[in-house]
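Below: start-v3.pdb (PDB, C-alpha atoms, pLDDT in the B column)
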```
ATOM      1  CA  PRO A   1       0.000   0.000   0.000  1.00 96.00           C
ATOM      2  CA  HIS A   2       2.920   2.388   0.496  1.00 95.00           C
ATOM      3  CA  SER A   3       3.487   2.237  -3.259  1.00 96.00           C
ATOM      4  CA  PHE A   4       0.395   4.425  -3.757  1.00 97.00           C
ATOM      5  CA  THR A   5      -0.875   7.876  -2.838  1.00 96.00           C
ATOM      6  CA  GLN A   6      -4.583   7.760  -3.781  1.00 98.00           C
ATOM      7  CA  LYS A   7      -6.801   6.656  -0.894  1.00 98.00           C
ATOM      8  CA  GLN A   8      -8.643   3.965  -2.832  1.00 98.00           C
ATOM      9  CA  ASP A   9      -5.419   2.496  -4.230  1.00 98.00           C
ATOM     10  CA  ILE A  10      -3.987   2.315  -0.713  1.00 98.00           C
ATOM     11  CA  GLU A  11      -7.045   0.661   0.793  1.00 98.00           C
ATOM     12  CA  ILE A  12      -7.289  -1.941  -1.988  1.00 98.00           C
ATOM     13  CA  ALA A  13      -3.563  -2.759  -1.883  1.00 98.00           C
ATOM     14  CA  GLY A  14      -3.725  -2.911   1.901  1.00 98.00           C
ATOM     15  CA  PHE A  15      -6.759  -5.163   1.853  1.00 98.00           C
ATOM     16  CA  PHE A  16      -5.063  -7.779  -0.314  1.00 98.00           C
ATOM     17  CA  ALA A  17      -1.754  -7.467   1.549  1.00 97.00           C
ATOM     18  CA  ALA A  18      -3.590  -8.119   4.817  1.00 97.00           C
ATOM     19  CA  LEU A  19      -5.473 -11.104   3.399  1.00 97.00           C
ATOM     20  CA  PHE A  20      -2.197 -12.572   2.138  1.00 97.00           C
ATOM     21  CA  ALA A  21      -0.387 -11.929   5.433  1.00 95.00           C
ATOM     22  CA  TRP A  22       0.510 -15.300   6.794  1.00 86.00           C
ATOM     23  CA  GLY A  23       3.720 -17.200   6.241  1.00 84.00           C
ATOM     24  CA  ASN A  24       6.963 -15.866   4.803  1.00 89.00           C
ATOM     25  CA  ARG A  25       7.091 -12.059   4.636  1.00 90.00           C
ATOM     26  CA  THR A  26       9.103 -11.949   1.420  1.00 95.00           C
ATOM     27  CA  THR A  27       6.534 -14.157  -0.295  1.00 95.00           C
ATOM     28  CA  ILE A  28       3.651 -12.058   1.049  1.00 96.00           C
ATOM     29  CA  ILE A  29       5.187  -8.852  -0.306  1.00 96.00           C
ATOM     30  CA  ASN A  30       6.112 -10.400  -3.645  1.00 96.00           C
ATOM     31  CA  LYS A  31       2.640 -11.864  -4.144  1.00 97.00           C
ATOM     32  CA  SER A  32       1.015  -8.564  -3.176  1.00 97.00           C
ATOM     33  CA  ARG A  33       3.162  -6.746  -5.730  1.00 97.00           C
ATOM     34  CA  GLU A  34       2.432  -9.380  -8.353  1.00 97.00           C
ATOM     35  CA  LEU A  35      -1.285  -8.872  -7.851  1.00 98.00           C
ATOM     36  CA  MET A  36      -0.924  -5.089  -8.139  1.00 98.00           C
ATOM     37  CA  GLN A  37       1.025  -5.550 -11.388  1.00 98.00           C
ATOM     38  CA  LEU A  38      -1.841  -7.630 -12.771  1.00 98.00           C
ATOM     39  CA  MET A  39      -3.993  -4.587 -12.053  1.00 98.00           C
ATOM     40  CA  ASP A  40      -1.556  -2.375 -13.999  1.00 97.00           C
ATOM     41  CA  ASN A  41      -0.449  -0.858 -10.680  1.00 98.00           C
ATOM     42  CA  ALA A  42      -3.715   1.070 -10.620  1.00 98.00           C
ATOM     43  CA  PRO A  43      -5.926  -1.110  -8.374  1.00 98.00           C
ATOM     44  CA  TYR A  44      -8.772   1.374  -7.935  1.00 98.00           C
ATOM     45  CA  ALA A  45      -9.115   2.059 -11.654  1.00 98.00           C
ATOM     46  CA  PHE A  46      -8.880  -1.656 -12.390  1.00 98.00           C
ATOM     47  CA  CYS A  47     -11.426  -2.729  -9.770  1.00 98.00           C
ATOM     48  CA  LYS A  48     -13.853  -0.039 -10.845  1.00 97.00           C
ATOM     49  CA  ASP A  49     -13.603  -0.393 -14.623  1.00 97.00           C
ATOM     50  CA  HIS A  50     -12.364  -3.886 -15.509  1.00 97.00           C
ATOM     51  CA  GLU A  51     -14.194  -5.991 -18.060  1.00 96.00           C
ATOM     52  CA  GLU A  52     -14.404  -9.779 -18.204  1.00 95.00           C
ATOM     53  CA  GLU A  53     -11.614  -9.915 -20.784  1.00 96.00           C
ATOM     54  CA  ASP A  54      -9.258  -8.155 -18.341  1.00 97.00           C
ATOM     55  CA  LEU A  55      -9.574 -10.995 -15.827  1.00 97.00           C
ATOM     56  CA  LYS A  56      -7.820 -13.688 -17.860  1.00 97.00           C
ATOM     57  CA  PRO A  57      -4.331 -13.055 -16.350  1.00 96.00           C
ATOM     58  CA  PHE A  58      -5.751 -13.729 -12.874  1.00 97.00           C
ATOM     59  CA  LEU A  59      -6.571 -17.314 -13.822  1.00 97.00           C
ATOM     60  CA  ASN A  60      -2.933 -18.159 -13.118  1.00 96.00           C
ATOM     61  CA  PHE A  61      -2.611 -16.267  -9.819  1.00 96.00           C
ATOM     62  CA  LYS A  62      -2.212 -18.312  -6.651  1.00 94.00           C
ATOM     63  CA  HIS A  63      -0.951 -17.638  -3.145  1.00 94.00           C
ATOM     64  CA  ARG A  64      -1.023 -20.430  -0.602  1.00 92.00           C
ATOM     65  CA  THR A  65      -4.731 -21.289  -0.312  1.00 93.00           C
ATOM     66  CA  PHE A  66      -5.805 -18.339  -2.489  1.00 95.00           C
ATOM     67  CA  THR A  67      -6.920 -19.638  -5.853  1.00 96.00           C
ATOM     68  CA  PRO A  68      -8.104 -17.805  -8.991  1.00 97.00           C
ATOM     69  CA  THR A  69     -11.674 -18.425  -7.788  1.00 96.00           C
ATOM     70  CA  ASP A  70     -11.008 -16.374  -4.654  1.00 97.00           C
ATOM     71  CA  ILE A  71      -9.229 -13.533  -6.422  1.00 97.00           C
ATOM     72  CA  LEU A  72     -11.894 -13.257  -9.102  1.00 97.00           C
ATOM     73  CA  PHE A  73     -14.592 -13.099  -6.442  1.00 97.00           C
ATOM     74  CA  PHE A  74     -12.854 -10.308  -4.531  1.00 97.00           C
ATOM     75  CA  LEU A  75     -12.364  -8.342  -7.756  1.00 97.00           C
ATOM     76  CA  SER A  76     -16.067  -8.731  -8.507  1.00 96.00           C
ATOM     77  CA  PHE A  77     -16.963  -7.694  -4.958  1.00 96.00           C
ATOM     78  CA  LEU A  78     -14.742  -4.595  -5.128  1.00 97.00           C
ATOM     79  CA  LYS A  79     -16.168  -3.574  -8.490  1.00 97.00           C
ATOM     80  CA  SER A  80     -19.680  -3.834  -7.101  1.00 96.00           C
ATOM     81  CA  HIS A  81     -18.750  -1.962  -3.924  1.00 96.00           C
ATOM     82  CA  TYR A  82     -16.983   0.939  -5.622  1.00 97.00           C
ATOM     83  CA  ALA A  83     -19.894   1.383  -8.004  1.00 97.00           C
ATOM     84  CA  LYS A  84     -21.893   2.498  -4.951  1.00 96.00           C
ATOM     85  CA  HIS A  85     -19.304   3.870  -2.506  1.00 96.00           C
ATOM     86  CA  ASP A  86     -16.271   6.121  -2.644  1.00 96.00           C
ATOM     87  CA  SER A  87     -14.251   4.138  -0.120  1.00 97.00           C
ATOM     88  CA  LEU A  88     -13.912   0.613   1.228  1.00 97.00           C
ATOM     89  CA  GLU A  89     -14.489   2.134   4.645  1.00 95.00           C
ATOM     90  CA  ALA A  90     -18.220   1.980   3.973  1.00 94.00           C
ATOM     91  CA  ALA A  91     -18.019  -1.826   3.908  1.00 95.00           C
ATOM     92  CA  PHE A  92     -16.840  -1.813   7.539  1.00 91.00           C
ATOM     93  CA  SER A  93     -19.127   0.905   8.830  1.00 77.00           C
ATOM     94  CA  PRO A  94     -22.577   0.639   7.274  1.00 56.00           C
ATOM     95  CA  VAL A  95     -23.866   2.093  10.528  1.00 57.00           C
ATOM     96  CA  SER A  96     -21.923   4.238  12.972  1.00 57.00           C
ATOM     97  CA  LEU A  97     -20.369   2.380  15.866  1.00 57.00           C
ATOM     98  CA  LYS A  98     -21.283   3.591  19.309  1.00 61.00           C
ATOM     99  CA  LYS A  99     -18.518   5.452  21.094  1.00 59.00           C
ATOM    100  CA  ASP A 100     -17.820   2.574  23.497  1.00 61.00           C
ATOM    101  CA  GLU A 101     -18.329  -0.191  20.913  1.00 69.00           C
ATOM    102  CA  ASP A 102     -15.315  -2.087  19.583  1.00 79.00           C
ATOM    103  CA  ILE A 103     -14.870  -3.100  15.947  1.00 90.00           C
ATOM    104  CA  GLY A 104     -16.298  -6.587  16.440  1.00 92.00           C
ATOM    105  CA  THR A 105     -19.652  -5.354  15.162  1.00 90.00           C
ATOM    106  CA  ALA A 106     -17.960  -3.813  12.123  1.00 92.00           C
ATOM    107  CA  LEU A 107     -16.095  -7.040  11.352  1.00 95.00           C
ATOM    108  CA  ASP A 108     -19.255  -9.142  11.574  1.00 94.00           C
ATOM    109  CA  GLY A 109     -20.992  -6.611   9.354  1.00 92.00           C
ATOM    110  CA  PHE A 110     -18.172  -6.748   6.837  1.00 95.00           C
ATOM    111  CA  TYR A 111     -18.332 -10.535   6.658  1.00 95.00           C
ATOM    112  CA  ALA A 112     -22.084 -10.470   6.067  1.00 94.00           C
ATOM    113  CA  TYR A 113     -21.741  -7.705   3.493  1.00 94.00           C
ATOM    114  CA  VAL A 114     -18.989  -9.412   1.478  1.00 96.00           C
ATOM    115  CA  PHE A 115     -20.795 -12.732   1.292  1.00 95.00           C
ATOM    116  CA  SER A 116     -24.156 -11.209   0.472  1.00 93.00           C
ATOM    117  CA  HIS A 117     -22.558 -10.547  -2.915  1.00 83.00           C
ATOM    118  CA  GLU A 118     -24.089 -12.533  -5.747  1.00 77.00           C
ATOM    119  CA  HIS A 119     -22.406 -15.860  -6.518  1.00 83.00           C
ATOM    120  CA  ALA A 120     -20.060 -15.721  -3.497  1.00 93.00           C
ATOM    121  CA  PRO A 121     -18.104 -19.020  -3.498  1.00 96.00           C
ATOM    122  CA  ALA A 122     -18.414 -21.062  -0.324  1.00 95.00           C
ATOM    123  CA  ARG A 123     -14.670 -21.787  -0.372  1.00 95.00           C
ATOM    124  CA  THR A 124     -13.807 -18.063  -0.226  1.00 96.00           C
ATOM    125  CA  ARG A 125     -15.455 -17.598   3.179  1.00 96.00           C
ATOM    126  CA  LYS A 126     -12.356 -18.978   4.890  1.00 96.00           C
ATOM    127  CA  HIS A 127     -10.389 -15.908   3.801  1.00 96.00           C
ATOM    128  CA  ILE A 128     -12.545 -13.451   5.764  1.00 97.00           C
ATOM    129  CA  ALA A 129     -12.642 -13.959   9.522  1.00 97.00           C
ATOM    130  CA  ALA A 130     -15.436 -12.767  11.804  1.00 97.00           C
ATOM    131  CA  PRO A 131     -15.915 -12.513  15.586  1.00 96.00           C
ATOM    132  CA  CYS A 132     -19.238 -14.340  15.255  1.00 95.00           C
ATOM    133  CA  LYS A 133     -17.166 -17.350  14.236  1.00 95.00           C
ATOM    134  CA  LYS A 134     -14.942 -16.853  17.305  1.00 94.00           C
ATOM    135  CA  ALA A 135     -11.938 -16.035  15.119  1.00 97.00           C
ATOM    136  CA  THR A 136      -9.227 -13.645  16.304  1.00 97.00           C
ATOM    137  CA  CYS A 137      -9.552 -11.734  13.001  1.00 97.00           C
ATOM    138  CA  LYS A 138      -5.856 -10.912  13.195  1.00 97.00           C
ATOM    139  CA  ARG A 139      -5.417  -9.878   9.569  1.00 97.00           C
ATOM    140  CA  LEU A 140      -8.511  -7.684   9.462  1.00 98.00           C
ATOM    141  CA  CYS A 141      -7.629  -6.072  12.807  1.00 97.00           C
ATOM    142  CA  MET A 142      -4.205  -5.307  11.348  1.00 97.00           C
ATOM    143  CA  TYR A 143      -5.803  -3.894   8.200  1.00 98.00           C
ATOM    144  CA  LEU A 144      -8.099  -1.638  10.217  1.00 97.00           C
ATOM    145  CA  ARG A 145      -5.099  -0.480  12.234  1.00 97.00           C
ATOM    146  CA  TRP A 146      -3.422   0.571   8.984  1.00 97.00           C
ATOM    147  CA  MET A 147      -6.512   2.399   7.742  1.00 97.00           C
ATOM    148  CA  VAL A 148      -7.648   4.051  11.000  1.00 96.00           C
ATOM    149  CA  ARG A 149      -4.519   4.946  13.002  1.00 96.00           C
ATOM    150  CA  ASN A 150      -2.258   7.767  11.911  1.00 93.00           C
ATOM    151  CA  ASP A 151       0.997   6.990  13.647  1.00 86.00           C
ATOM    152  CA  GLY A 152       2.999   9.778  11.987  1.00 85.00           C
ATOM    153  CA  LYS A 153       5.764   7.235  11.403  1.00 86.00           C
ATOM    154  CA  GLY A 154       4.889   6.125   7.906  1.00 85.00           C
ATOM    155  CA  VAL A 155       3.277   2.801   8.836  1.00 91.00           C
ATOM    156  CA  ASP A 156      -0.409   3.360   9.671  1.00 96.00           C
ATOM    157  CA  PHE A 157      -2.156   5.598   7.138  1.00 96.00           C
ATOM    158  CA  GLY A 158      -5.037   7.112   9.113  1.00 96.00           C
ATOM    159  CA  LEU A 159      -7.280   7.330   6.035  1.00 96.00           C
ATOM    160  CA  TRP A 160     -10.618   6.428   7.621  1.00 95.00           C
ATOM    161  CA  GLN A 161     -12.659   8.531  10.032  1.00 91.00           C
ATOM    162  CA  ASN A 162     -15.809   6.601  10.985  1.00 89.00           C
ATOM    163  CA  ILE A 163     -13.897   4.117  13.151  1.00 91.00           C
ATOM    164  CA  LYS A 164     -11.759   5.665  15.871  1.00 92.00           C
ATOM    165  CA  PRO A 165      -8.357   4.404  17.127  1.00 94.00           C
ATOM    166  CA  ALA A 166      -9.947   3.829  20.545  1.00 94.00           C
ATOM    167  CA  GLN A 167     -12.257   1.221  18.968  1.00 93.00           C
ATOM    168  CA  LEU A 168      -9.479  -0.805  17.338  1.00 95.00           C
ATOM    169  CA  MET A 169      -8.634  -4.262  18.626  1.00 97.00           C
ATOM    170  CA  ILE A 170      -5.185  -5.784  18.942  1.00 97.00           C
ATOM    171  CA  PRO A 171      -4.173  -8.027  16.021  1.00 97.00           C
ATOM    172  CA  LEU A 172      -3.688 -11.295  17.909  1.00 96.00           C
ATOM    173  CA  ASP A 173      -1.424 -14.004  16.534  1.00 91.00           C
ATOM    174  CA  LEU A 174       0.814 -16.626  18.115  1.00 88.00           C
ATOM    175  CA  HIS A 175       3.643 -14.144  18.738  1.00 88.00           C
ATOM    176  CA  VAL A 176       1.429 -11.572  20.444  1.00 93.00           C
ATOM    177  CA  SER A 177      -0.528 -14.113  22.487  1.00 93.00           C
ATOM    178  CA  ARG A 178       2.689 -15.742  23.735  1.00 91.00           C
ATOM    179  CA  VAL A 179       4.126 -12.427  24.908  1.00 94.00           C
ATOM    180  CA  ALA A 180       0.822 -11.326  26.453  1.00 95.00           C
ATOM    181  CA  ARG A 181       0.565 -14.554  28.441  1.00 94.00           C
ATOM    182  CA  HIS A 182       4.186 -14.222  29.554  1.00 92.00           C
ATOM    183  CA  PHE A 183       3.368 -10.823  31.052  1.00 94.00           C
ATOM    184  CA  ASN A 184       0.032 -12.040  32.518  1.00 95.00           C
ATOM    185  CA  MET A 185      -1.932  -9.646  30.317  1.00 96.00           C
ATOM    186  CA  ILE A 186      -4.478 -12.339  29.462  1.00 96.00           C
ATOM    187  CA  GLU A 187      -5.838 -15.254  31.484  1.00 94.00           C
ATOM    188  CA  ARG A 188      -7.967 -16.962  28.871  1.00 93.00           C
ATOM    189  CA  LYS A 189      -6.478 -20.273  27.692  1.00 92.00           C
ATOM    190  CA  ALA A 190      -8.084 -20.281  24.262  1.00 94.00           C
ATOM    191  CA  THR A 191      -6.991 -17.917  21.522  1.00 95.00           C
ATOM    192  CA  ASP A 192     -10.184 -16.511  20.029  1.00 96.00           C
ATOM    193  CA  TRP A 193     -12.157 -13.262  19.787  1.00 97.00           C
ATOM    194  CA  GLN A 194     -12.799 -13.217  23.549  1.00 97.00           C
ATOM    195  CA  THR A 195      -9.040 -13.343  24.045  1.00 97.00           C
ATOM    196  CA  VAL A 196      -8.677 -10.377  21.692  1.00 97.00           C
ATOM    197  CA  GLN A 197     -11.222  -8.509  23.797  1.00 97.00           C
ATOM    198  CA  GLU A 198      -9.447  -9.426  27.033  1.00 97.00           C
ATOM    199  CA  LEU A 199      -6.026  -8.309  25.828  1.00 98.00           C
ATOM    200  CA  THR A 200      -7.352  -5.113  24.262  1.00 97.00           C
ATOM    201  CA  ALA A 201      -9.131  -4.270  27.525  1.00 97.00           C
ATOM    202  CA  THR A 202      -5.813  -4.653  29.338  1.00 97.00           C
ATOM    203  CA  LEU A 203      -4.096  -2.394  26.793  1.00 97.00           C
ATOM    204  CA  ARG A 204      -6.840   0.221  27.148  1.00 96.00           C
ATOM    205  CA  GLN A 205      -5.765   0.595  30.758  1.00 96.00           C
ATOM    206  CA  LEU A 206      -2.444   1.831  29.364  1.00 96.00           C
ATOM    207  CA  ASP A 207      -3.947   4.021  26.633  1.00 97.00           C
ATOM    208  CA  LYS A 208      -7.725   4.087  26.277  1.00 95.00           C
ATOM    209  CA  ASN A 209      -7.528   6.186  23.113  1.00 95.00           C
ATOM    210  CA  ASP A 210      -5.059   4.040  21.173  1.00 96.00           C
ATOM    211  CA  PRO A 211      -4.719   0.468  22.490  1.00 97.00           C
ATOM    212  CA  ALA A 212      -3.661  -1.018  19.129  1.00 96.00           C
ATOM    213  CA  LYS A 213      -0.361   0.880  19.149  1.00 96.00           C
ATOM    214  CA  TYR A 214       1.026  -1.764  21.510  1.00 96.00           C
ATOM    215  CA  ASP A 215       0.855  -4.261  18.655  1.00 94.00           C
ATOM    216  CA  TYR A 216       4.318  -3.092  17.618  1.00 92.00           C
ATOM    217  CA  ALA A 217       5.949  -3.919  20.951  1.00 92.00           C
ATOM    218  CA  LEU A 218       4.110  -7.176  21.587  1.00 94.00           C
ATOM    219  CA  PHE A 219       4.668  -8.545  18.093  1.00 90.00           C
ATOM    220  CA  ALA A 220       8.338  -7.545  18.003  1.00 89.00           C
ATOM    221  CA  LEU A 221       9.028  -9.177  21.364  1.00 90.00           C
ATOM    222  CA  GLY A 222       7.388 -12.349  20.149  1.00 83.00           C
ATOM    223  CA  VAL A 223       9.382 -12.460  16.937  1.00 81.00           C
ATOM    224  CA  LEU A 224      12.648 -11.790  18.758  1.00 80.00           C
ATOM    225  CA  GLU A 225      11.735 -14.256  21.536  1.00 73.00           C
ATOM    226  CA  LYS A 226      12.894 -11.656  24.050  1.00 64.00           C
ATOM    227  CA  PHE A 227      10.512 -10.923  26.877  1.00 59.00           C
ATOM    228  CA  SER A 228      12.598  -8.724  29.174  1.00 53.00           C
TER     229      SER A 228
END
```
As structure tokens, the full file:
Amino acid sequence: PHSFTQKQDIEIAGFFAALFAWGNRTTIINKSRELMQLMDNAPYAFCKDHEEEDLKPFLNFKHRTFTPTDILFFLSFLKSHYAKHDSLEAAFSPVSLKKDEDIGTALDGFYAYVFSHEHAPARTRKHIAAPCKKATCKRLCMYLRWMVRNDGKGVDFGLWQNIKPAQLMIPLDLHVSRVARHFNMIERKATDWQTVQELTATLRQLDKNDPAKYDYALFALGVLEKFS
């Protein structure tokens, strides 16, 4: 997403980068760039205006469990969405969240919205997590952090306004959960959406307005395997 300056290009590139974000980082970045190249490095224009003939190159695109079926569906979804809305933000905030409401409602709404799209493949549902399915929603929480926070450091973009940094949830993966348990920040044994809520509540005691900023420290400690 840092390859672009237009808001819609950034949010589309970020969306796919987040969906691809598991496994080897080099592969994730390379596959994200490959996908952008298939869109002529103009993802918003491509998603908005592509014709059926333009989709043929995507029939050979794969990334781990992402198949051409999945990519073609997301391109169709984005085309439909941008025909009605100026930003992908609208897909996460069809109604305003209450001030004290976390983004779980927005994530469930996004899941329902995406798969209300005509001809949504059953197999593609595994690529979009939702709290109602008790998932941690790590990749989507990370994506929302990118779009909502403005860290002033060139990482988080701060493009969206309807969701506030205070409502963000910590992107919880194995690294973060291991560090959080080491420091007794969570008690829950399972790693699911309730665990995300528990850890984020702990982090709000440190900064109620921006709990997701601690993702950097927790994740880095986990990767480095250094806890003190």
Evaluate the PyMOL selection byres ((chain A and resi 36) around 12) against this structure - the residues, as JSON, numbers by chain, please. {"A": [1, 3, 4, 9, 10, 12, 13, 14, 15, 16, 17, 29, 30, 31, 32, 33, 34, 35, 37, 38, 39, 40, 41, 42, 43, 44, 45, 46, 47, 57, 58, 61, 71, 75]}
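Shown here are all protein and nucleic acid residues lying within 6 Å of (-17.6, -12.6, 13.9), with only C-alpha atoms considered: Asp108, Ala130, Pro131, Cys132 and Lys133 of chain A.
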I would like the residues chosen by the PyMOL selection byres ((chain A and resi 80) around 12) on the shown file; could you give them as a PyMOL selection string? chain A and resi 47-50+73-79+81-88+91+113-114+116-118
If you count all atoms listed in the file, which residues fall within 10 Å of Leu19 of chain A, apart from same-chain ones fewer than 2 positions away, as a PyMOL selection string? chain A and resi 14-17+21-22+28+32+66+127-129+138-140+142-143
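Remark: for Leu224 of chain A, the closest of the candidate residues A:Pro211, A:Leu206, A:His175, A:Glu53 is A:His175 (distances computed over all atoms listed in the file).
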Output of the PyMOL selection byres ((chain A and resi 158) around 9), listed as a PyMOL selection string: chain A and resi 145-152+156-157+159-161
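Coordinates place atom CA of Leu199 of chain A at a distance of 13.3 Å from atom CA of Gln167 of chain A.
In this comparison, which uses only C-alpha atoms, the residue of A:Pro121, A:Glu198, A:Phe219, A:Val155 approaching Asn184 of chain A most closely is A:Glu198.
Each of A:Leu55, A:Leu107, A:Ala180, A:Ala112 was compared to Leu221 of chain A using only C-alpha atoms, and A:Ala180 turns out to be the nearest.
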Fix up segment 149-165 of chain A with N, CA, C and O atoms, then write it as a tab-separated table (two decimals), in the frame of the given file.
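Output contents, as saved in selection12.tsv:
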```tsv
chain	number	residue	atom	x	y	z
A	149	ARG	N	-5.55	4.22	12.24
A	149	ARG	CA	-4.52	4.95	13.00
A	149	ARG	C	-3.68	5.82	12.07
A	149	ARG	O	-3.40	5.46	10.94
A	150	ASN	N	-3.26	6.95	12.59
A	150	ASN	CA	-2.26	7.77	11.91
A	150	ASN	C	-1.09	7.89	12.87
A	150	ASN	O	-1.11	8.70	13.79
A	151	ASP	N	-0.09	7.05	12.66
A	151	ASP	CA	1.00	6.99	13.65
A	151	ASP	C	2.07	8.05	13.41
A	151	ASP	O	2.96	8.23	14.24
A	152	GLY	N	1.99	8.75	12.27
A	152	GLY	CA	3.00	9.78	11.99
A	152	GLY	C	4.38	9.22	11.72
A	152	GLY	O	5.35	9.96	11.63
A	153	LYS	N	4.47	7.89	11.59
A	153	LYS	CA	5.76	7.24	11.40
A	153	LYS	C	5.86	6.54	10.05
A	153	LYS	O	6.84	5.85	9.78
A	154	GLY	N	4.84	6.71	9.24
A	154	GLY	CA	4.89	6.12	7.91
A	154	GLY	C	4.46	4.67	7.84
A	154	GLY	O	4.75	3.99	6.86
A	155	VAL	N	3.76	4.19	8.86
A	155	VAL	CA	3.28	2.80	8.84
A	155	VAL	C	1.75	2.80	8.69
A	155	VAL	O	1.21	2.37	7.69
A	156	ASP	N	1.05	3.31	9.71
A	156	ASP	CA	-0.41	3.36	9.67
A	156	ASP	C	-0.85	4.64	8.96
A	156	ASP	O	-0.36	5.72	9.25
A	157	PHE	N	-1.82	4.51	8.06
A	157	PHE	CA	-2.16	5.60	7.14
A	157	PHE	C	-3.14	6.62	7.70
A	157	PHE	O	-3.13	7.78	7.30
A	158	GLY	N	-4.06	6.18	8.57
A	158	GLY	CA	-5.04	7.11	9.11
A	158	GLY	C	-5.98	7.69	8.07
A	158	GLY	O	-6.34	8.86	8.12
A	159	LEU	N	-6.44	6.85	7.13
A	159	LEU	CA	-7.28	7.33	6.04
A	159	LEU	C	-8.76	7.39	6.39
A	159	LEU	O	-9.51	8.14	5.77
A	160	TRP	N	-9.19	6.57	7.33
A	160	TRP	CA	-10.62	6.43	7.62
A	160	TRP	C	-10.99	7.19	8.89
A	160	TRP	O	-10.20	7.28	9.83
A	161	GLN	N	-12.23	7.67	8.93
A	161	GLN	CA	-12.66	8.53	10.03
A	161	GLN	C	-13.81	7.97	10.85
A	161	GLN	O	-13.99	8.35	12.01
A	162	ASN	N	-14.62	7.08	10.28
A	162	ASN	CA	-15.81	6.60	10.98
A	162	ASN	C	-15.48	5.67	12.16
A	162	ASN	O	-16.24	5.59	13.12
A	163	ILE	N	-14.38	4.94	12.05
A	163	ILE	CA	-13.90	4.12	13.15
A	163	ILE	C	-12.76	4.88	13.81
A	163	ILE	O	-11.89	5.43	13.13
A	164	LYS	N	-12.76	4.91	15.12
A	164	LYS	CA	-11.76	5.66	15.87
A	164	LYS	C	-10.67	4.73	16.40
A	164	LYS	O	-10.92	3.55	16.66
A	165	PRO	N	-9.43	5.24	16.58
A	165	PRO	CA	-8.36	4.40	17.13
A	165	PRO	C	-8.73	3.74	18.45
A	165	PRO	O	-8.30	2.61	18.72
```
